[in-house]
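Enquirer: Next comes the structure file target07.txt, holding compact mmCIF, C-alpha atoms.
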```txt
# COMPACT_ATOMS: atom_id res chain seq x y z
CA MET A 1 0.08 0.79 0.18
CA GLN A 2 -1.76 1.57 -3.01
CA LEU A 3 -2.43 -0.02 -6.38
CA ALA A 4 -0.81 1.64 -9.38
CA ARG A 5 0.08 1.14 -12.99
CA VAL A 6 3.61 1.70 -14.20
CA ILE A 7 3.35 4.30 -16.94
CA GLY A 8 6.98 5.27 -17.44
CA GLU A 9 10.56 5.43 -16.30
CA VAL A 10 12.75 8.31 -15.18
CA VAL A 11 16.38 8.47 -16.25
CA SER A 12 18.69 10.46 -13.98
CA SER A 13 22.45 10.56 -14.40
CA MET A 14 23.38 12.99 -11.69
CA LYS A 15 21.73 11.82 -8.49
CA ASP A 16 22.31 10.77 -4.90
CA VAL A 17 24.88 7.93 -4.79
CA ASN A 18 22.44 5.75 -2.84
CA LEU A 19 19.67 6.25 -5.36
CA VAL A 20 20.44 3.11 -7.35
CA GLY A 21 17.90 1.21 -9.43
CA THR A 22 15.01 1.90 -11.73
CA LEU A 23 12.86 4.94 -11.12
CA LEU A 24 9.32 4.20 -12.23
CA VAL A 25 6.55 6.66 -12.97
CA LEU A 26 3.35 5.43 -11.31
CA GLN A 27 -0.29 6.30 -11.76
CA PRO A 28 -2.19 5.34 -8.59
CA LEU A 29 -5.40 3.42 -9.23
CA ALA A 30 -8.75 3.13 -7.50
CA ALA A 31 -10.09 -0.32 -6.72
CA SER A 32 -12.09 -0.03 -9.95
CA GLY A 33 -8.84 0.30 -11.89
CA ALA A 34 -9.51 3.94 -12.75
CA PRO A 35 -6.62 6.43 -12.38
CA VAL A 36 -6.87 8.42 -9.18
CA GLY A 37 -4.67 11.19 -7.84
CA ARG A 38 -1.33 12.51 -8.95
CA THR A 39 1.37 10.51 -10.66
CA LEU A 40 4.56 9.95 -8.70
CA VAL A 41 8.04 8.48 -9.04
CA ALA A 42 8.96 5.37 -7.06
CA LEU A 43 12.12 3.25 -6.81
CA ASP A 44 11.57 -0.30 -8.03
CA SER A 45 12.46 -3.29 -5.81
CA VAL A 46 10.81 -6.15 -7.72
CA GLY A 47 11.70 -5.75 -11.40
CA ALA A 48 8.46 -4.17 -12.57
CA GLY A 49 8.11 -2.68 -16.04
CA VAL A 50 5.96 -0.23 -17.95
CA GLY A 51 2.35 -1.37 -18.32
CA GLU A 52 2.35 -3.64 -15.26
CA HIS A 53 0.04 -3.33 -12.28
CA VAL A 54 1.99 -2.98 -9.04
CA PHE A 55 1.60 -1.87 -5.46
CA PHE A 56 3.81 0.61 -3.71
CA VAL A 57 4.59 1.82 -0.22
CA ARG A 58 4.96 5.42 0.85
CA GLY A 59 7.09 7.00 3.56
CA ARG A 60 10.30 6.07 5.34
CA GLU A 61 9.49 2.38 4.97
CA ALA A 62 10.01 2.75 1.22
CA ALA A 63 13.77 2.44 1.84
CA TYR A 64 13.52 -0.93 3.65
CA PRO A 65 13.51 -3.20 0.57
CA PHE A 66 16.96 -1.90 -0.33
CA TYR A 67 18.57 -2.64 3.04
CA PRO A 68 21.46 -2.31 3.91
CA ALA A 69 21.49 0.50 1.38
CA GLU A 70 19.49 3.52 2.50
CA PRO A 71 18.28 5.28 -0.61
CA PRO A 72 16.61 8.68 -0.07
CA VAL A 73 13.17 7.65 -1.33
CA ASP A 74 9.60 8.28 -0.20
CA ALA A 75 7.96 5.68 -2.43
CA ALA A 76 8.96 2.19 -3.56
CA VAL A 77 7.33 -0.50 -5.70
CA ILE A 78 7.21 -3.62 -3.52
CA GLY A 79 5.05 -6.03 -5.52
CA ILE A 80 3.72 -6.92 -8.94
CA VAL A 81 -0.03 -7.54 -8.88
CA ASP A 82 -1.21 -10.77 -10.53
CA HIS A 83 -4.85 -9.77 -10.12
CA TRP A 84 -7.22 -8.17 -7.67
CA ASP A 85 -10.86 -8.81 -6.88
CA VAL A 86 -13.41 -6.27 -5.68
CA GLU A 87 -16.76 -7.32 -4.26
CA MET B 1 -6.40 5.03 12.84
CA GLN B 2 -9.13 5.03 10.26
CA ILE B 3 -12.36 3.10 9.98
CA CYS B 4 -12.47 1.38 6.62
CA ARG B 5 -14.47 -1.28 4.83
CA VAL B 6 -12.67 -4.22 3.25
CA VAL B 7 -13.68 -4.12 -0.41
CA GLY B 8 -11.35 -6.58 -2.10
CA THR B 9 -8.32 -8.84 -2.17
CA VAL B 10 -5.02 -8.55 -4.03
CA VAL B 11 -2.90 -11.43 -5.31
CA SER B 12 0.79 -10.83 -5.89
CA THR B 13 3.31 -13.60 -6.52
CA LYS B 14 6.36 -11.44 -7.05
CA LYS B 15 6.76 -9.17 -4.05
CA ASN B 16 9.17 -8.02 -1.40
CA SER B 17 10.33 -11.00 0.68
CA LYS B 18 9.19 -9.38 3.93
CA LEU B 19 5.62 -9.63 2.62
CA GLU B 20 5.71 -13.38 1.95
CA GLY B 21 2.57 -14.97 3.32
CA ALA B 22 0.95 -11.67 4.20
CA LYS B 23 -2.71 -11.19 3.28
CA LEU B 24 -3.21 -8.11 1.11
CA LEU B 25 -6.61 -6.44 1.25
CA LEU B 26 -8.15 -3.41 -0.43
CA VAL B 27 -9.76 -1.09 2.08
CA GLN B 28 -12.01 1.92 1.51
CA PRO B 29 -11.78 4.61 4.20
CA MET B 30 -15.21 5.66 5.45
CA THR B 31 -16.79 8.54 7.30
CA LEU B 32 -18.47 7.72 10.62
CA ASP B 33 -21.86 7.49 8.91
CA GLY B 34 -20.54 4.92 6.48
CA ALA B 35 -19.95 6.97 3.33
CA PRO B 36 -16.78 6.26 1.31
CA ARG B 37 -14.12 8.91 1.79
CA GLY B 38 -10.96 9.27 -0.27
CA VAL B 39 -9.12 6.67 -2.31
CA THR B 40 -8.96 2.93 -1.79
CA LEU B 41 -5.80 1.73 -0.04
CA MET B 42 -4.02 -1.57 0.29
CA ALA B 43 -3.39 -2.86 3.79
CA ILE B 44 -1.75 -5.89 5.36
CA ASP B 45 -4.25 -7.96 7.34
CA ALA B 46 -3.09 -8.75 10.88
CA VAL B 47 -6.39 -9.94 12.38
CA GLY B 48 -8.11 -12.22 9.88
CA ALA B 49 -10.51 -9.70 8.36
CA GLY B 50 -12.64 -10.53 5.35
CA VAL B 51 -14.33 -8.71 2.47
CA GLY B 52 -17.30 -6.63 3.59
CA GLU B 53 -16.15 -6.17 7.18
CA ARG B 54 -15.58 -2.82 8.87
CA VAL B 55 -12.04 -2.62 10.17
CA LEU B 56 -9.61 -0.38 11.99
CA VAL B 57 -6.58 0.52 9.87
CA VAL B 58 -3.30 2.12 10.90
CA ILE B 59 -1.87 4.26 8.12
CA GLU B 60 1.68 4.73 9.34
CA GLY B 61 4.77 2.70 8.65
CA LYS B 62 6.10 1.86 12.09
CA ALA B 63 2.71 0.79 13.43
CA ALA B 64 1.94 -1.25 10.32
CA GLY B 65 5.27 -3.08 10.58
CA ASP B 66 4.61 -3.83 14.25
CA ALA B 67 1.18 -5.24 13.37
CA LEU B 68 2.75 -7.50 10.78
CA GLY B 69 5.28 -8.61 13.38
CA ARG B 70 8.27 -8.25 11.11
CA LYS B 71 11.06 -5.77 11.61
CA ALA B 72 11.85 -3.33 8.81
CA ALA B 73 9.00 -4.50 6.59
CA ALA B 74 8.10 -2.18 3.73
CA VAL B 75 4.48 -1.63 4.70
CA ASP B 76 2.61 1.58 5.48
CA ALA B 77 -0.90 0.34 6.31
CA ALA B 78 -2.24 -2.58 8.33
CA ILE B 79 -5.61 -3.79 9.58
CA VAL B 80 -5.33 -4.01 13.35
CA GLY B 81 -8.94 -4.65 14.37
CA ILE B 82 -12.39 -5.68 13.20
CA VAL B 83 -15.02 -3.15 14.22
CA ASP B 84 -18.05 -4.53 16.06
CA THR B 85 -19.79 -1.22 16.66
CA VAL B 86 -19.07 2.50 16.64
CA ASP B 87 -21.04 4.76 18.95
CA TYR B 88 -20.76 8.49 18.53
CA ARG B 89 -22.74 11.67 18.92
CA ASP B 90 -22.71 14.51 16.43
CA ASP B 91 -23.22 17.02 19.22
CA ALA B 92 -20.57 15.65 21.59
```
Is it possible to give me this structure as structure tokens?

Expert:
Amino acid sequence: MQLARVIGEVVSSMKDVNLVGTLLVLQPLAASGAPVGRTLVALDSVGAGVGEHVFFVRGREAAYPFYPAEPPVDAAVIGIVDHWDVE
Amino acid sequence: MQICRVVGTVVSTKKNSKLEGAKLLLVQPMTLDGAPRGVTLMAIDAVGAGVGERVLVVIEGKAAGDALGRKAAAVDAAIVGIVDTVDYRDDA
């Protein structure tokens, strides 16, 4: 998983029938909170919105939160971050 | 698996139900000589690791779900061991 900030939403009208829900644009973050790496699009499973800090999962497991639906996704937001501490 | 150092903790109240009660840690992958390598990841803790410890992390969904002990959990990284020592030879 990785920390990220939600920086946008994608609207898509013509898409896979199983691709239901909000598509969020994420900027992955380093532990310092600094942006790191490329932005990506992830399907939301927790009701996150723009500006929030979240964490997301990559890979086949990204479809699990939507069971029994099997959306064709490779990234999903699975939690909203209250806070994180780095020592 | 990757050798990482635990660098922080994450608190999340609203999360996927399969992650209820799971400990979420920030881990920094390291080279064998201890230098940070690549970006910090989040991993589920399956062994009781703490901040500052060197740990063994699986970065693959099936293995991470097995470590958590929950079927079809949406996780892709888990701490599966605390490293006591690493012995290696550059010329091996």

Enquirer: Counting only C-alpha atoms, collect the residues of chain A whose closest atom lies at most 9 Å from chain B, and write them out as JSON, numbers by chain.

Expert: {"A": [1, 2, 3, 29, 30, 31, 36, 37, 45, 46, 47, 54, 55, 56, 57, 58, 59, 60, 61, 62, 63, 64, 65, 67, 76, 77, 78, 79, 80, 81, 82, 83, 84, 85, 86, 87]}

Enquirer: Could you tell me how far CA of Val25 in chain A sits from CA of Gln2 in chain B, in Å to one decimal place?

Expert: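 Separation between CA of Gln2 in chain B and CA of Val25 in chain A: 28.1 Å.
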
Enquirer: Quick check, in Å to one decimal: how far apart do CA of Gly49 in chain A and CA of Ser13 in chain A lie?

Expert: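 A separation of 19.6 Å between them.
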
Enquirer: Would you mind reading off the distance between CA of Asp44 in chain A and CA of Ala22 in chain B, one decimal, in Å?

Expert: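 So the two atoms, CA of Asp44 in chain A and CA of Ala22 in chain B, lie 19.8 Å apart.
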
Enquirer: Could you give me, as a ChimeraX atom specification, the residues that have an atom at most 8 Å away from the point (-16.0, 4.7, 6.4) in the coordinates of the file, using all atoms listed in the file?

Expert: /B:2-5,28-37,54

Enquirer: The centre and edge lengths of an axis-aligned box containing all atoms of range 15-34 of chain B present in the file, extended by 3 Å on each side, are to be given in Å to one decimal, as AutoDock Vina command-line options.

Expert:
```
--center_x -5.8 --center_y -3.2 --center_z 3.3 --size_x 38.2 --size_y 29.5 --size_z 20.7
```
